[in-house]
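S.K.: Supplied in structure tokens, the structure appears directly below.
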Amino acid sequence: METRLFGTHQLSQISQLERLSEEQRFAIRVVATVLPFRVNHYVIDQLIDWDKIPQDPMFQLCFPQAEMLSPAHFNRIADLLRQQASTEQIKHAAQEIHKELNPHPANQQTLNVPRLDEVPITGMQHKYRETVLYFPSQGQFCFSYCTFCFRWPQFVGEKELRIAATDPEVLFAYLRRHPEVTDLLITGGDPLVMSARRLEKIVMPLLKEEFSQLRNIRIGSKALSYWPYRFLTDHDSDDLLRLFECVTKAGKHMALMVHFNHWREMQPEPVRKAISRIQGTGAVLRTQSPLLRHINAASDIWQRMWQEQVQLGLIPYYMFIVRDTGPRSYFEVPLVEAWHIYRRAVRKVSGLARTVRGPSMSAGPGKVEIQGVVELTGEKALVLRFIQGRNPNWVQKPFFARYDEAATWLDQLKPAFGEERFFYEEE
């Protein structure tokens, strides 16, 4: 089956959008001029309940909404479109807005860039001792785009915002120099938009004895949700699955880090068939998602999602806090509320689903988990800990922040119990 893609210029070809008012359709066009937009016919036909738009969670996940931009940003682009301004004028305005949307959260372009012979390596990140991220240039787009995606700078056509690697030999050279690296995460975009043949050129050399320190190969993908036919009927689906099988037969752990943001994404039969085929290769599927207002900010959604994932043989892995970038104000949930949602959901599932960690913020110093709320010496506080940290000695070390019902990110929190700064700030 061939996928049919729709971008900003094909909005008029999506007949279902006629159910919206002209004002709503114009708003989609305005936001899609600034933030990346792409959707395919599978998502349109199989995942969205068109009788419930615009509130439908899958519609919110894939189609831009007016409130995803600030009023000032929205009006600036809307005025240019109404005036039929030149393409260059509109592009320039969008680029200026991009700079105000924190395009590189957690200082990823400065703090995470590895070096080889003192030369910065493009297309890679090395934030945690054991794990390297690799961004192949051929995987710099997705089957559909998520409206909340913190990787939006990869897709807006500005080279200086992209993180893309063109030569896997640089990756191999870096791994030879860094025997402490046990995990490689191939990410994007979505690496599975690449042909199996291109992916093989990255993965197969890693199975050689010289990379014996590499124990785990992960691929981050939303293909199961947005295009399950990648594992079923694409021309090289069988080749892709054979590649997974080669990894597991070589004695390495092959993990697909799959993104499900709502239980509805797991309902179509092609998804379940694809899961079965992947599992047949020996690969393990781990699931993750941010907590998103308008999409899944309710404990019953997470409870059902985790229960069904376990039933399908998937491992719930992370509940994230939505990153502090792009349209975060539309999706963000206060940290205290996020913890309550997590707690209500996790206490209603069996131990098999309690593998999920969170709510977790992928912030500058590391992955910080909200563990709960306590009251000590008359002061209410949030209990936090590092799941991962720039300094491995921080991992699992608890610390405390003042109770704040409005805070939505780590940098909005203040130390509790009279401390002037959090312990990790010393470094």
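In the structure tokens, the first chain shown is A, the next is B, and so on; residue numbers restart at 1 for each chain, and ligands run from 1 in the order shown.
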Would you pick out the contacts of range 395-403 of chain A at 12 Å or less, using only C-alpha atoms, so that residues sharing its chain but fewer than 5 positions from it are not included, and give the list as a PDB file with N, CA, C and O atoms, in the first residue's frame?
M.R.:
```pdb
ATOM      1  N   TYR A 128      24.538  11.366  28.198  1.00  0.00           N
ATOM      2  CA  TYR A 128      24.734  10.434  29.297  1.00  0.00           C
ATOM      3  C   TYR A 128      25.859   9.466  28.950  1.00  0.00           C
ATOM      4  O   TYR A 128      26.005   9.054  27.799  1.00  0.00           O
ATOM      5  N   ARG A 129      26.629   9.085  29.947  1.00  0.00           N
ATOM      6  CA  ARG A 129      27.861   8.314  29.739  1.00  0.00           C
ATOM      7  C   ARG A 129      27.661   7.087  28.857  1.00  0.00           C
ATOM      8  O   ARG A 129      28.437   6.844  27.929  1.00  0.00           O
ATOM      9  N   PRO A 334       0.835  21.270  34.741  1.00  0.00           N
ATOM     10  CA  PRO A 334       1.656  21.532  35.922  1.00  0.00           C
ATOM     11  C   PRO A 334       2.215  20.240  36.522  1.00  0.00           C
ATOM     12  O   PRO A 334       1.560  19.186  36.487  1.00  0.00           O
ATOM     13  N   LEU A 335       3.415  20.324  37.064  1.00  0.00           N
ATOM     14  CA  LEU A 335       4.105  19.136  37.558  1.00  0.00           C
ATOM     15  C   LEU A 335       3.311  18.415  38.649  1.00  0.00           C
ATOM     16  O   LEU A 335       3.263  17.176  38.674  1.00  0.00           O
ATOM     17  N   VAL A 336       2.682  19.161  39.533  1.00  0.00           N
ATOM     18  CA  VAL A 336       1.898  18.536  40.605  1.00  0.00           C
ATOM     19  C   VAL A 336       0.720  17.779  40.010  1.00  0.00           C
ATOM     20  O   VAL A 336       0.438  16.631  40.396  1.00  0.00           O
ATOM     21  N   GLU A 337       0.030  18.386  39.053  1.00  0.00           N
ATOM     22  CA  GLU A 337      -1.092  17.711  38.393  1.00  0.00           C
ATOM     23  C   GLU A 337      -0.613  16.476  37.648  1.00  0.00           C
ATOM     24  O   GLU A 337      -1.271  15.420  37.664  1.00  0.00           O
ATOM     25  N   PRO A 365      20.217  19.217  33.060  1.00  0.00           N
ATOM     26  CA  PRO A 365      21.113  18.341  33.826  1.00  0.00           C
ATOM     27  C   PRO A 365      20.824  16.852  33.672  1.00  0.00           C
ATOM     28  O   PRO A 365      21.676  16.025  33.984  1.00  0.00           O
ATOM     29  N   GLY A 366      19.631  16.489  33.209  1.00  0.00           N
ATOM     30  CA  GLY A 366      19.312  15.069  33.044  1.00  0.00           C
ATOM     31  C   GLY A 366      17.815  14.818  33.097  1.00  0.00           C
ATOM     32  O   GLY A 366      17.014  15.742  33.041  1.00  0.00           O
ATOM     33  N   LYS A 367      17.455  13.547  33.213  1.00  0.00           N
ATOM     34  CA  LYS A 367      16.046  13.162  33.331  1.00  0.00           C
ATOM     35  C   LYS A 367      15.662  13.192  34.806  1.00  0.00           C
ATOM     36  O   LYS A 367      16.169  12.401  35.606  1.00  0.00           O
ATOM     37  N   VAL A 368      14.752  14.102  35.132  1.00  0.00           N
ATOM     38  CA  VAL A 368      14.350  14.307  36.519  1.00  0.00           C
ATOM     39  C   VAL A 368      12.922  13.807  36.699  1.00  0.00           C
ATOM     40  O   VAL A 368      11.999  14.256  36.016  1.00  0.00           O
ATOM     41  N   GLU A 369      12.756  12.892  37.642  1.00  0.00           N
ATOM     42  CA  GLU A 369      11.453  12.276  37.904  1.00  0.00           C
ATOM     43  C   GLU A 369      10.789  12.933  39.115  1.00  0.00           C
ATOM     44  O   GLU A 369      11.446  13.214  40.114  1.00  0.00           O
ATOM     45  N   ILE A 370       9.482  13.165  38.985  1.00  0.00           N
ATOM     46  CA  ILE A 370       8.682  13.654  40.112  1.00  0.00           C
ATOM     47  C   ILE A 370       8.195  12.433  40.882  1.00  0.00           C
ATOM     48  O   ILE A 370       7.421  11.624  40.358  1.00  0.00           O
ATOM     49  N   GLN A 371       8.640  12.298  42.134  1.00  0.00           N
ATOM     50  CA  GLN A 371       8.313  11.090  42.906  1.00  0.00           C
ATOM     51  C   GLN A 371       7.142  11.268  43.853  1.00  0.00           C
ATOM     52  O   GLN A 371       6.557  10.279  44.299  1.00  0.00           O
ATOM     53  N   GLY A 372       6.811  12.517  44.159  1.00  0.00           N
ATOM     54  CA  GLY A 372       5.676  12.692  45.052  1.00  0.00           C
ATOM     55  C   GLY A 372       5.702  14.026  45.757  1.00  0.00           C
ATOM     56  O   GLY A 372       6.509  14.905  45.461  1.00  0.00           O
ATOM     57  N   VAL A 373       4.791  14.159  46.707  1.00  0.00           N
ATOM     58  CA  VAL A 373       4.653  15.374  47.519  1.00  0.00           C
ATOM     59  C   VAL A 373       4.758  14.970  48.983  1.00  0.00           C
ATOM     60  O   VAL A 373       4.141  13.985  49.409  1.00  0.00           O
ATOM     61  N   VAL A 374       5.575  15.714  49.754  1.00  0.00           N
ATOM     62  CA  VAL A 374       5.730  15.434  51.185  1.00  0.00           C
ATOM     63  C   VAL A 374       5.560  16.725  51.977  1.00  0.00           C
ATOM     64  O   VAL A 374       5.645  17.818  51.419  1.00  0.00           O
ATOM     65  N   GLU A 375       5.347  16.574  53.283  1.00  0.00           N
ATOM     66  CA  GLU A 375       5.339  17.725  54.182  1.00  0.00           C
ATOM     67  C   GLU A 375       6.263  17.407  55.341  1.00  0.00           C
ATOM     68  O   GLU A 375       6.039  16.451  56.096  1.00  0.00           O
ATOM     69  N   LEU A 376       7.355  18.177  55.460  1.00  0.00           N
ATOM     70  CA  LEU A 376       8.347  17.970  56.505  1.00  0.00           C
ATOM     71  C   LEU A 376       8.627  19.302  57.193  1.00  0.00           C
ATOM     72  O   LEU A 376       8.735  20.335  56.529  1.00  0.00           O
ATOM     73  N   GLY A 378       6.841  21.269  58.622  1.00  0.00           N
ATOM     74  CA  GLY A 378       5.855  22.284  58.307  1.00  0.00           C
ATOM     75  C   GLY A 378       5.919  22.849  56.906  1.00  0.00           C
ATOM     76  O   GLY A 378       5.182  23.783  56.577  1.00  0.00           O
ATOM     77  N   GLU A 379       6.799  22.288  56.068  1.00  0.00           N
ATOM     78  CA  GLU A 379       6.918  22.782  54.694  1.00  0.00           C
ATOM     79  C   GLU A 379       6.541  21.679  53.701  1.00  0.00           C
ATOM     80  O   GLU A 379       6.973  20.540  53.820  1.00  0.00           O
ATOM     81  N   LYS A 380       5.737  22.060  52.735  1.00  0.00           N
ATOM     82  CA  LYS A 380       5.312  21.134  51.693  1.00  0.00           C
ATOM     83  C   LYS A 380       6.334  21.183  50.561  1.00  0.00           C
ATOM     84  O   LYS A 380       6.800  22.269  50.166  1.00  0.00           O
ATOM     85  N   ALA A 381       6.680  20.011  50.008  1.00  0.00           N
ATOM     86  CA  ALA A 381       7.728  19.980  48.987  1.00  0.00           C
ATOM     87  C   ALA A 381       7.465  18.878  47.970  1.00  0.00           C
ATOM     88  O   ALA A 381       6.769  17.891  48.238  1.00  0.00           O
ATOM     89  N   LEU A 382       8.032  19.071  46.775  1.00  0.00           N
ATOM     90  CA  LEU A 382       8.057  18.037  45.754  1.00  0.00           C
ATOM     91  C   LEU A 382       9.307  17.196  45.941  1.00  0.00           C
ATOM     92  O   LEU A 382      10.409  17.733  46.135  1.00  0.00           O
ATOM     93  N   VAL A 383       9.146  15.880  45.854  1.00  0.00           N
ATOM     94  CA  VAL A 383      10.285  14.967  45.919  1.00  0.00           C
ATOM     95  C   VAL A 383      10.704  14.646  44.483  1.00  0.00           C
ATOM     96  O   VAL A 383       9.884  14.192  43.679  1.00  0.00           O
ATOM     97  N   LEU A 384      11.970  14.881  44.175  1.00  0.00           N
ATOM     98  CA  LEU A 384      12.498  14.669  42.832  1.00  0.00           C
ATOM     99  C   LEU A 384      13.707  13.741  42.897  1.00  0.00           C
ATOM    100  O   LEU A 384      14.340  13.589  43.947  1.00  0.00           O
ATOM    101  N   ARG A 385      14.031  13.123  41.755  1.00  0.00           N
ATOM    102  CA  ARG A 385      15.285  12.365  41.668  1.00  0.00           C
ATOM    103  C   ARG A 385      15.702  12.278  40.206  1.00  0.00           C
ATOM    104  O   ARG A 385      14.877  12.421  39.296  1.00  0.00           O
ATOM    105  N   PHE A 386      16.986  12.037  39.990  1.00  0.00           N
ATOM    106  CA  PHE A 386      17.500  11.848  38.646  1.00  0.00           C
ATOM    107  C   PHE A 386      17.353  10.388  38.226  1.00  0.00           C
ATOM    108  O   PHE A 386      17.821   9.489  38.923  1.00  0.00           O
ATOM    109  N   ILE A 387      16.690  10.169  37.082  1.00  0.00           N
ATOM    110  CA  ILE A 387      16.697   8.849  36.444  1.00  0.00           C
ATOM    111  C   ILE A 387      17.978   8.703  35.628  1.00  0.00           C
ATOM    112  O   ILE A 387      18.580   7.644  35.558  1.00  0.00           O
ATOM    113  N   GLN A 388      18.378   9.815  34.981  1.00  0.00           N
ATOM    114  CA  GLN A 388      19.647   9.909  34.264  1.00  0.00           C
ATOM    115  C   GLN A 388      20.235  11.280  34.561  1.00  0.00           C
ATOM    116  O   GLN A 388      19.503  12.242  34.809  1.00  0.00           O
ATOM    117  N   GLY A 389      21.562  11.363  34.527  1.00  0.00           N
ATOM    118  CA  GLY A 389      22.189  12.643  34.797  1.00  0.00           C
ATOM    119  C   GLY A 389      23.482  12.815  34.033  1.00  0.00           C
ATOM    120  O   GLY A 389      24.138  11.838  33.676  1.00  0.00           O
ATOM    121  N   ARG A 390      23.816  14.074  33.775  1.00  0.00           N
ATOM    122  CA  ARG A 390      25.111  14.345  33.145  1.00  0.00           C
ATOM    123  C   ARG A 390      26.242  13.757  33.981  1.00  0.00           C
ATOM    124  O   ARG A 390      27.220  13.249  33.454  1.00  0.00           O
ATOM    125  N   THR A 408       5.668  24.148  35.670  1.00  0.00           N
ATOM    126  CA  THR A 408       5.537  23.131  34.619  1.00  0.00           C
ATOM    127  C   THR A 408       6.888  22.601  34.145  1.00  0.00           C
ATOM    128  O   THR A 408       6.924  21.734  33.283  1.00  0.00           O
ATOM    129  N   TRP A 409       7.995  23.133  34.703  1.00  0.00           N
ATOM    130  CA  TRP A 409       9.316  22.683  34.266  1.00  0.00           C
ATOM    131  C   TRP A 409      10.329  22.898  35.383  1.00  0.00           C
ATOM    132  O   TRP A 409      10.111  23.681  36.306  1.00  0.00           O
ATOM    133  N   LEU A 410      11.435  22.195  35.287  1.00  0.00           N
ATOM    134  CA  LEU A 410      12.451  22.194  36.333  1.00  0.00           C
ATOM    135  C   LEU A 410      12.949  23.597  36.663  1.00  0.00           C
ATOM    136  O   LEU A 410      13.151  23.930  37.834  1.00  0.00           O
ATOM    137  N   ASP A 411      13.163  24.427  35.647  1.00  0.00           N
ATOM    138  CA  ASP A 411      13.740  25.747  35.902  1.00  0.00           C
ATOM    139  C   ASP A 411      12.774  26.704  36.597  1.00  0.00           C
ATOM    140  O   ASP A 411      13.166  27.811  36.979  1.00  0.00           O
ATOM    141  N   GLN A 412      11.528  26.287  36.794  1.00  0.00           N
ATOM    142  CA  GLN A 412      10.556  27.102  37.530  1.00  0.00           C
ATOM    143  C   GLN A 412      10.497  26.729  39.012  1.00  0.00           C
ATOM    144  O   GLN A 412       9.792  27.378  39.790  1.00  0.00           O
ATOM    145  N   LEU A 413      11.218  25.676  39.388  1.00  0.00           N
ATOM    146  CA  LEU A 413      11.203  25.203  40.771  1.00  0.00           C
ATOM    147  C   LEU A 413      12.327  25.848  41.587  1.00  0.00           C
ATOM    148  O   LEU A 413      13.393  26.164  41.056  1.00  0.00           O
ATOM    149  N   LYS A 414      12.078  25.995  42.887  1.00  0.00           N
ATOM    150  CA  LYS A 414      13.061  26.530  43.822  1.00  0.00           C
ATOM    151  C   LYS A 414      13.368  25.469  44.883  1.00  0.00           C
ATOM    152  O   LYS A 414      12.486  24.687  45.269  1.00  0.00           O
ATOM    153  N   PRO A 415      14.607  25.433  45.374  1.00  0.00           N
ATOM    154  CA  PRO A 415      14.948  24.445  46.404  1.00  0.00           C
ATOM    155  C   PRO A 415      14.119  24.617  47.667  1.00  0.00           C
ATOM    156  O   PRO A 415      13.749  25.741  48.034  1.00  0.00           O
ATOM    157  N   ALA A 416      13.827  23.513  48.321  1.00  0.00           N
ATOM    158  CA  ALA A 416      13.042  23.526  49.563  1.00  0.00           C
ATOM    159  C   ALA A 416      13.963  23.510  50.775  1.00  0.00           C
ATOM    160  O   ALA A 416      15.180  23.325  50.661  1.00  0.00           O
ATOM    161  N   PHE A 417      13.346  23.688  51.933  1.00  0.00           N
ATOM    162  CA  PHE A 417      13.997  23.540  53.242  1.00  0.00           C
ATOM    163  C   PHE A 417      15.213  24.448  53.417  1.00  0.00           C
ATOM    164  O   PHE A 417      16.238  24.047  53.967  1.00  0.00           O
ATOM    165  N   GLY A 418      15.110  25.661  52.909  1.00  0.00           N
ATOM    166  CA  GLY A 418      16.131  26.653  53.163  1.00  0.00           C
ATOM    167  C   GLY A 418      17.383  26.557  52.303  1.00  0.00           C
ATOM    168  O   GLY A 418      18.308  27.368  52.461  1.00  0.00           O
ATOM    169  N   GLU A 419      17.429  25.601  51.402  1.00  0.00           N
ATOM    170  CA  GLU A 419      18.601  25.483  50.526  1.00  0.00           C
ATOM    171  C   GLU A 419      18.606  26.623  49.508  1.00  0.00           C
ATOM    172  O   GLU A 419      17.551  27.042  49.022  1.00  0.00           O
ATOM    173  N   GLU A 420      19.797  27.102  49.179  1.00  0.00           N
ATOM    174  CA  GLU A 420      19.903  28.202  48.222  1.00  0.00           C
ATOM    175  C   GLU A 420      19.877  27.726  46.777  1.00  0.00           C
ATOM    176  O   GLU A 420      19.454  28.464  45.889  1.00  0.00           O
ATOM    177  N   ARG A 421      20.347  26.513  46.545  1.00  0.00           N
ATOM    178  CA  ARG A 421      20.366  25.979  45.193  1.00  0.00           C
ATOM    179  C   ARG A 421      20.274  24.464  45.246  1.00  0.00           C
ATOM    180  O   ARG A 421      20.524  23.855  46.294  1.00  0.00           O
ATOM    181  N   PHE A 422      19.895  23.857  44.134  1.00  0.00           N
ATOM    182  CA  PHE A 422      19.861  22.400  44.044  1.00  0.00           C
ATOM    183  C   PHE A 422      21.298  21.883  43.990  1.00  0.00           C
ATOM    184  O   PHE A 422      22.194  22.556  43.444  1.00  0.00           O
ATOM    185  N   PHE A 423      21.520  20.671  44.503  1.00  0.00           N
ATOM    186  CA  PHE A 423      22.879  20.150  44.625  1.00  0.00           C
ATOM    187  C   PHE A 423      23.622  20.085  43.288  1.00  0.00           C
ATOM    188  O   PHE A 423      24.831  20.316  43.228  1.00  0.00           O
ATOM    189  N   TYR A 424      22.916  19.786  42.197  1.00  0.00           N
ATOM    190  CA  TYR A 424      23.579  19.612  40.914  1.00  0.00           C
ATOM    191  C   TYR A 424      24.033  20.938  40.304  1.00  0.00           C
ATOM    192  O   TYR A 424      24.859  20.965  39.392  1.00  0.00           O
TER     193      TYR A 424
END
```
S.K.: If we count only C-alpha atoms, what is near Pro270 in chain A at a cut-off of 8 Å, once residues fewer than 3 positions away on the same chain are taken out, given as a PyMOL selection string?
M.R.: chain A and resi 228-229+232+273-274
S.K.: Considering only C-alpha atoms, state which residue in the set A:Gln140, A:Ser289, A:Gln154, A:Asn107 is at the smallest distance from Asp190 in chain A.
M.R.: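 Smallest distance to Asp190 in chain A is found for A:Gln140.
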S.K.: Of the candidates A:Thr131, A:Thr182, A:Ser299, A:Thr377, which one gets nearest to His340 in chain A if we count only C-alpha atoms?
M.R.: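 Using only C-alpha atoms, His340 in chain A sits closest to A:Ser299.
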S.K.: What does the distance between CA of Gln95 in chain A and CA of Pro153 in chain A come to in Å, to one decimal place?
M.R.: 10.4 Å
S.K.: Of the candidates A:Leu171, A:Ile295, A:Cys146, A:Val284, which shows the shortest atom-to-atom distance to Phe37 in chain A, using only C-alpha atoms?
M.R.: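 When distances to Phe37 in chain A are compared using only C-alpha atoms, the smallest one comes from A:Cys146.
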S.K.: Write down as an MDAnalysis selection string the residues of range 57-300 of chain A whose backbone DSSP state falls under strand (DSSP E).
M.R.: chainID A and resid 115:116 119:120 124:128 131:134 183:186 216:221 253:259 284:291
S.K.: Using only C-alpha atoms, find the one residue out of A:Val346, A:Leu161, A:Ala353, A:Leu256 that sits nearest to Gln311 in chain A.
M.R.: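 Using only C-alpha atoms, Gln311 in chain A sits closest to A:Ala353.
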S.K.: Residues at most 12 Å from Arg82 in chain A, counting only C-alpha atoms, excluding those fewer than 6 positions away in the same chain, as a compact mmCIF listing (two decimals) with N, CA and C atoms, in the first residue's frame?
M.R.:
```txt
# COMPACT_ATOMS: atom_id res chain seq x y z
N PHE A 26 -8.58 28.28 8.34
CA PHE A 26 -7.55 29.31 8.18
C PHE A 26 -6.55 29.25 9.35
N ALA A 27 -7.04 28.98 10.55
CA ALA A 27 -6.15 28.88 11.71
C ALA A 27 -5.16 27.74 11.53
N ARG A 29 -4.00 26.66 8.75
CA ARG A 29 -3.02 27.12 7.76
C ARG A 29 -2.01 28.08 8.38
N VAL A 30 -2.49 28.96 9.25
CA VAL A 30 -1.60 29.93 9.90
C VAL A 30 -0.54 29.20 10.73
N ASN A 75 -1.23 36.31 15.04
CA ASN A 75 -1.73 37.47 14.29
C ASN A 75 -0.70 37.97 13.27
N ARG A 76 0.56 37.86 13.60
CA ARG A 76 1.59 38.30 12.66
C ARG A 76 1.53 37.50 11.36
N ILE A 90 6.81 35.93 4.42
CA ILE A 90 6.20 34.97 5.34
C ILE A 90 7.28 34.06 5.95
```
S.K.: Go ahead and compute the interatomic distance for CA of Arg328 in chain A and CA of Glu265 in chain A, in Å to one decimal.
M.R.: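 Computed distance, CA of Arg328 in chain A to CA of Glu265 in chain A, equals 22.1 Å.
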S.K.: Let me make sure I understand: among A:Gln46, A:Gln55, A:Thr287, A:Ser360, which one has the smallest atom-to-atom distance to Gln267 in chain A if we use only C-alpha atoms?
M.R.: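 Ranking A:Gln46, A:Gln55, A:Thr287, A:Ser360 by distance to Gln267 in chain A, first place goes to A:Gln46.
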S.K.: Under the rule that only C-alpha atoms are counted, which of A:Ala106, A:Met204, A:Leu11, A:Val31 is the nearest residue to Pro168 in chain A?
M.R.: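 Closest residue, counting only C-alpha atoms: A:Met204.
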S.K.: For Pro290 in chain A, find every residue with an atom within 6 Å (counting only C-alpha atoms), except residues of its own chain fewer than 5 positions away, and show them as a list of chain:residue names.
M.R.: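 That gives A:Met319, A:Phe320, A:Ile321, A:Val322.
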S.K.: If you keep C-alpha atoms, can you produce a file of those selected residues as a short mmCIF file (atom, residue, chain, number, x, y, z; two decimals), in the first residue's frame?
M.R.:
```
data_model
loop_
_atom_site.label_atom_id
_atom_site.label_comp_id
_atom_site.auth_asym_id
_atom_site.auth_seq_id
_atom_site.Cartn_x
_atom_site.Cartn_y
_atom_site.Cartn_z
CA MET A 319 5.65 9.11 30.95
CA PHE A 320 7.34 12.39 30.03
CA ILE A 321 6.61 16.00 30.85
CA VAL A 322 6.18 17.85 27.54
#
```
S.K.: Just list the residues in range 68-280 of chain A DSSP gives helix (DSSP H, G or I) on the backbone, as an MDAnalysis selection string.
M.R.: chainID A and resid 68 71:82 87:99 105:107 137:139 152:155 159:161 168:177 191:193 196:207 209:211 223:226 228:231 237:249 263:266 269:279
S.K.: Name the residues in contact with Gly139 in chain A at a cut-off of 8 Å, using only C-alpha atoms, excluding same-chain residues fewer than 4 positions from it; report them as a list in words.
M.R.: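 Skipping anything fewer than 4 positions along the chain leaves Phe135, Thr187, Gly188, Gly189, Asp190, Pro191, Leu192, Val193 and Met194 of chain A.
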S.K.: Would you write out those residues with all heavy atoms, as a short mmCIF file (atom, residue, chain, number, x, y, z; two decimals), in the first residue's frame?
M.R.:
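This is the output file part27.cif:
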```
data_model
loop_
_atom_site.label_atom_id
_atom_site.label_comp_id
_atom_site.auth_asym_id
_atom_site.auth_seq_id
_atom_site.Cartn_x
_atom_site.Cartn_y
_atom_site.Cartn_z
N PHE A 135 21.55 10.80 14.64
CA PHE A 135 20.48 11.37 13.83
C PHE A 135 20.83 11.23 12.34
O PHE A 135 21.44 12.15 11.77
CB PHE A 135 20.30 12.85 14.14
CG PHE A 135 19.90 13.18 15.55
CD1 PHE A 135 20.80 13.07 16.59
CD2 PHE A 135 18.61 13.63 15.83
CE1 PHE A 135 20.45 13.41 17.89
CE2 PHE A 135 18.25 13.96 17.13
CZ PHE A 135 19.16 13.84 18.17
N THR A 187 17.75 7.94 16.06
CA THR A 187 16.55 8.76 16.20
C THR A 187 16.45 9.74 15.05
O THR A 187 17.18 9.64 14.08
CB THR A 187 16.55 9.45 17.59
OG1 THR A 187 15.34 10.17 17.77
CG2 THR A 187 17.74 10.37 17.76
N GLY A 188 15.56 10.71 15.13
CA GLY A 188 15.35 11.60 13.99
C GLY A 188 14.60 12.86 14.40
O GLY A 188 14.89 13.43 15.43
N GLY A 189 13.55 13.19 13.63
CA GLY A 189 12.73 12.44 12.71
C GLY A 189 12.35 11.04 13.16
O GLY A 189 12.19 10.75 14.31
N ASP A 190 12.23 10.22 12.17
CA ASP A 190 11.90 8.81 12.38
C ASP A 190 12.82 7.99 11.49
O ASP A 190 12.70 8.02 10.27
CB ASP A 190 10.44 8.55 12.03
CG ASP A 190 9.97 7.18 12.50
OD1 ASP A 190 10.78 6.23 12.47
OD2 ASP A 190 8.79 7.05 12.89
N PRO A 191 13.76 7.24 12.08
CA PRO A 191 14.69 6.46 11.27
C PRO A 191 14.03 5.44 10.36
O PRO A 191 14.62 5.03 9.36
CB PRO A 191 15.57 5.76 12.32
CG PRO A 191 15.40 6.54 13.56
CD PRO A 191 14.01 7.10 13.52
N LEU A 192 12.79 5.05 10.69
CA LEU A 192 12.15 4.01 9.89
C LEU A 192 11.51 4.56 8.61
O LEU A 192 10.94 3.78 7.84
CB LEU A 192 11.14 3.23 10.73
CG LEU A 192 11.78 2.44 11.88
CD1 LEU A 192 10.77 1.54 12.55
CD2 LEU A 192 12.98 1.61 11.40
N VAL A 193 11.62 5.87 8.37
CA VAL A 193 11.28 6.36 7.04
C VAL A 193 12.39 5.98 6.05
O VAL A 193 12.19 6.01 4.84
CB VAL A 193 11.06 7.89 7.00
CG1 VAL A 193 9.94 8.29 7.94
CG2 VAL A 193 12.33 8.65 7.32
N MET A 194 13.56 5.65 6.58
CA MET A 194 14.68 5.23 5.73
C MET A 194 14.41 3.85 5.16
O MET A 194 13.69 3.04 5.74
CB MET A 194 15.98 5.19 6.55
CG MET A 194 16.38 6.50 7.16
SD MET A 194 17.68 6.32 8.41
CE MET A 194 19.01 5.65 7.41
#
```
